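Report on the following structure.
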Amino acid sequence: MALRYTKDHEWVRLEGDTATVGISHYAQEQLGDVVYVELPEIGKTVAKGDEAAVVESVKAASEVYAPVSGEVTAINDALEAAPGAVNEEPTGGGWFLKLKVSDPSELDGLMDEAAYKTYLAEIS
Amino acid sequence: MTMNRQGRQTTPGEGAETVWETFTGNRGLLIEEALSFEYGRLDRTGVDLDEPEDVAPRLGGLQRTSQPNLPGLTEPEAMRHYMRLSQKNYAIDSGVYPLGSCTMKHNPRLNETIARLPGFGDIHPLQPVSTVQGALELIEMCAEWLKVVTGMPAIAMSPKAGAHGELCGMMAIKAALEARGDARSKVIVPDSAHGTNPATAALLGYKVVAVASRDDGTVDPAAVRDKLDEQVAGIMLTNPNTCGLFEPDVIAIAEAVHEAGGYFYCDGANLNAILGRVRPGDLGVDAMHINLHKTFSTPHGGGGPGAGPVVLSEALAPFAPLPWVVSDKDGLGLVEYDGEAGDAQPFGRMTAFHGQMGMFVRAMTWMLSHGSDGMRQAAEDAVLAANYVRACLSDLMSLPFSSRPSMHEVLFDDSFLKGTGVSTLDFAKAMIDEGYHPMTVYFPLVVHGAMLIEPTESESKASLDLFIATLRDLAMAAKRGETGRFEGAPYHAPRRRLDETRAARQPVLRWTPPEATEPEPRAQAAG
């Protein structure tokens with residue numbers, strides 16, 4: 001499935017009932033070089049909009065919010081040693097976590113690629 | 001007329017434009033300085049010590065058996081080392097230091113003279129109180145004056161810095177809530193807050209609830225009311241806020257928080273903008289720290305320890321931490337223990353002793369030497385200076401919040417650099433080449449590419465004019481497309497652009513000798 005975006009610049013990709021979550025290309029560009037990522041524990045349950053992770057760049061520390069509700073089933077441990085992956089491939093190897101989604105309909109309210117592009121044009 | 005041609009040549013000869021690499025790596029008076037470990041030698045010392053006599057070690061076999069690897073320097077070497085390091089330091093005593101939100105103002109030399117009087121400088125906190133009556137009187141006097149200028153009934157003098165003061169104030173709020181059997185779980189913090197505000201709330205176990213600023217950069221009481229419920233312990237609000245704006249609805253916000261049973265913590269870091277003009281006690285504040293190292297001219301940053309006394313409302317006064325000064329038939333004394341506190345319910349203590357005595361002396365000196373009219377003028381001049389900078393730069397640089405006047409600091413964003421290829425960071429680095437410490441950058445986070453300038457009341461108009469002219473020159477150079485001036489900046493600093501990313505990702509936290517066993521380490525320039 002294609003990526004869906006939140007207004008807070010997280011992306012989510014749903015495969016079956018597993019949602020992979022990361023931050024958008026725009027977000028990493030705004031943050032600058034990412035130097036640290038704090039990930040949740042596997043098994044933690046998060047509601048849509050809850051703080052799921054923290055990303056720290058040379059400029060600032062920012063919360064990453066859960067785009068959908070669910071239970072954390074995997075985290076991208078590789079970011080601990082190589083947080084630069086968030087800058088290099090934000091929607092690929094720079095993913096943050098995977099959630100077992102409790103309500104897939106929550107994705108309906110999120111933006112697709114085109115809508116997100118329009119949104120970015122509005123805010124910048 | 002005959003001309004004397006024997007004298008010394010005073011103009012540069014041919015080739016003067018070429019920049020030659022020097023043999024030493026030094027650049028004129030900019031001396032490269034190695035670590036003391038790199039040019040010290042174990043067998044050298046600036047002090048002659050007697051050989052230790054044979055003593056039976058009483059460390060249970062834990063005593064060291066090898067040399068501790070300390071650098072051995074002669075006295076002149078040690079002097080030069082620290083002198084050279086100090087010359088690399090940019091301080092308020094060397095130039096304009098426009099860090100917004102940090103208030104780097106002049107530290108009057110009178111403060112230093114008074115702080116060194118033996119009765120203040122040569123005493124110890126464990127001395128019998130009968131021998132330090134003057135020092136206790138000064139603490140009490142400083143406490144009284146701070147209460148008067150803030151319009152608050154009580155004060156805790158001991159906190160040692162701004163964030164420590166925040167912790168003290170929030171602990172008093174927590175203690176007051178718990179004393180009425182109403183422990184709460186949340187604290188409201190606007191998105192423009194100093195980072196220490198949410199950190200303080202989190203440290204005490206509160207969940208931080210953020211409130212977004214309005215388009216004009218201030219906090220909307222309606223947005224605060226939306227977040228209020230019976231779980232909100234209070235709000236932490238900075239006034240003037242970090243955008244350099246006075247919160248016009250601060251009283252409405254305080255009333256709303258009080259109606260919901262919460263308390264109003266005011267971050268008093270920016271008191272220097274309103275001192276003598278506004279009393280926080282009149283705004284409904286329950287607790288506020290005062291940065292003596294900002295508003296009251298005591299040294300800041302690397303120059304000295306902070307000091308963050310906290311003024312408290314009637315509601316919070318009973319929970320103020322130990323110790324405090326009292327007057328009895330024998331003169332002045334200290335309440336040091338719960339049992340001596342009478343009806344008060346101190347939540348504990350923040351420090352081992354009484355607070356930053358040396359800073360109390362300096363702050364009191366500043367207050368006495370300025371008087372009430374002088375303190376008010378300091379605040380007014382600080383605001384005037386910030387608005388002068390704003391007025392002189394607003395045609396070239398971009399103001400995110402132009403509808404309200406600035407207080408003691410002026411906030412620009414990076415929209416004036418849009419399309420130039422120059423970032424806020426590049427702009428700041430180019431200021432270093434011009435001999436200025438950059439302003440605060442990328443804070444507050446509510447605007448893009450923030451540049452927060454606080455000129456303070458210390459600068460003369462001539463000094464501000466040169467600073468403004470420099471920023472205008474840089475802004476115009478960026479707009480003309482002279483990106484080379486920025487992308488490699490700083491060009492003239494002792495070090496070029498540092499790799500902040502690598503420093504954060506792969507920090508080198510410990511120096512290790514290149515060859516630890518080498519008998520005579522060679523002098524080596526730091527690379």
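The chains in the structure tokens are called A, B, ... from first to last as shown; in each chain the residues are counted from 1, and the ligands are counted from 1 in the order shown.
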Using only C-alpha atoms, find which residues of chain A lie within 12 Å of chain B and jot them down as a ChimeraX atom specification. /A:30-37,50-51,56-63,79-84,87,123-124
Can you pull out every residue from chain A that DSSP, working from the backbone, puts in strand (DSSP E), and format the result as a ChimeraX atom specification? /A:4-5,10-15,18-23,34-38,45-46,51-57,61-65,70-75,97-101
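Across B:Arg362, B:Arg41, B:Lys147, B:His408, the tightest approach to Asn111 of chain B is made by B:Arg362 when counting only C-alpha atoms.
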If you run DSSP on this backbone, which residues of segment 265-403 of chain B come out as alpha helix (DSSP H), and could you give them as a VMD selection string? chain B and resid 357 to 393
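Taking atom CA of Leu509 of chain B and atom CA of Tyr39 of chain B as endpoints, the distance between them is 19.9 Å.
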If we count only C-alpha atoms and set the cut-off at 9 Å, which residues sit around Gly151 of chain B, ignoring sequence neighbours fewer than 2 positions away in its own chain? Please answer as a ChimeraX atom specification. /B:146-149,153,278-282,311
C-alpha atoms of the current selection, written as a short mmCIF file (atom, residue, chain, number, x, y, z; two decimals), in the first residue's frame:
```
data_model
loop_
_atom_site.label_atom_id
_atom_site.label_comp_id
_atom_site.auth_asym_id
_atom_site.auth_seq_id
_atom_site.Cartn_x
_atom_site.Cartn_y
_atom_site.Cartn_z
CA LEU B 146 13.25 40.79 45.68
CA LYS B 147 9.84 40.38 47.29
CA VAL B 148 9.18 44.11 46.95
CA VAL B 149 10.16 44.37 43.28
CA PRO B 153 4.87 37.80 49.89
CA VAL B 278 5.23 45.22 36.30
CA ARG B 279 4.99 43.30 39.58
CA PRO B 280 4.40 39.59 38.86
CA GLY B 281 2.43 39.41 42.12
CA ASP B 282 -0.20 41.64 40.49
CA VAL B 311 9.17 34.12 45.03
#
```
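Between atom CA of Val72 of chain A and atom CA of Leu99 of chain A the separation is 4.5 Å.
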Might you pull out every residue within 12 Å of segment 13-19 of chain A, with only C-alpha atoms counted and same-chain residues fewer than 6 positions away left off, and present them as a ChimeraX atom specification? /A:1-6,66-75,91-92,95-108,110-113
Atom pair atom CA of Val96 of chain B / atom CA of Leu411 of chain B: separation (Å): 17.1 Å
So which residues touch Ala341 of chain B within 12 Å, counting only C-alpha atoms, skipping near sequence neighbours fewer than 4 positions away, as a list in words? Pro318, Phe319, Ala320, Pro321, Leu322, Pro323, Trp324, Val325, Val326, Leu334, Val335, Glu336, Tyr337, Gln345, Pro346, Phe347 and Gly348 of chain B
Env of Phe360 of chain B: 7 Å cut, atoms = only C-alpha atoms, seq-sep filter 4 positions within chain, self excluded. Answer as a list of chain:residue names. B:Ile139, B:Cys142, B:Gln356, B:Met364
The selected residues should be written to file as a compact mmCIF listing (two decimals), in the first residue's frame (atoms: N, CA and C atoms).
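again-v2.txt written:
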```txt
# COMPACT_ATOMS: atom_id res chain seq x y z
N ILE B 139 21.52 38.50 53.18
CA ILE B 139 20.59 37.53 52.58
C ILE B 139 19.15 38.00 52.82
N CYS B 142 18.36 41.13 50.73
CA CYS B 142 18.20 40.76 49.32
C CYS B 142 16.82 40.10 49.13
N GLN B 356 23.48 30.85 46.81
CA GLN B 356 24.69 31.42 46.22
C GLN B 356 25.01 32.76 46.87
N MET B 364 22.53 42.36 45.30
CA MET B 364 22.18 43.43 46.24
C MET B 364 22.95 44.70 45.91
```
Tell me, as a ChimeraX atom specification, which residues lie within 12 Å of Thr424 of chain B, counting only C-alpha atoms; anything in the same chain fewer than 6 positions away does not count. /A:59 /B:397-398,412-418,430-431,438-443,447-452,474-475,478,486-487
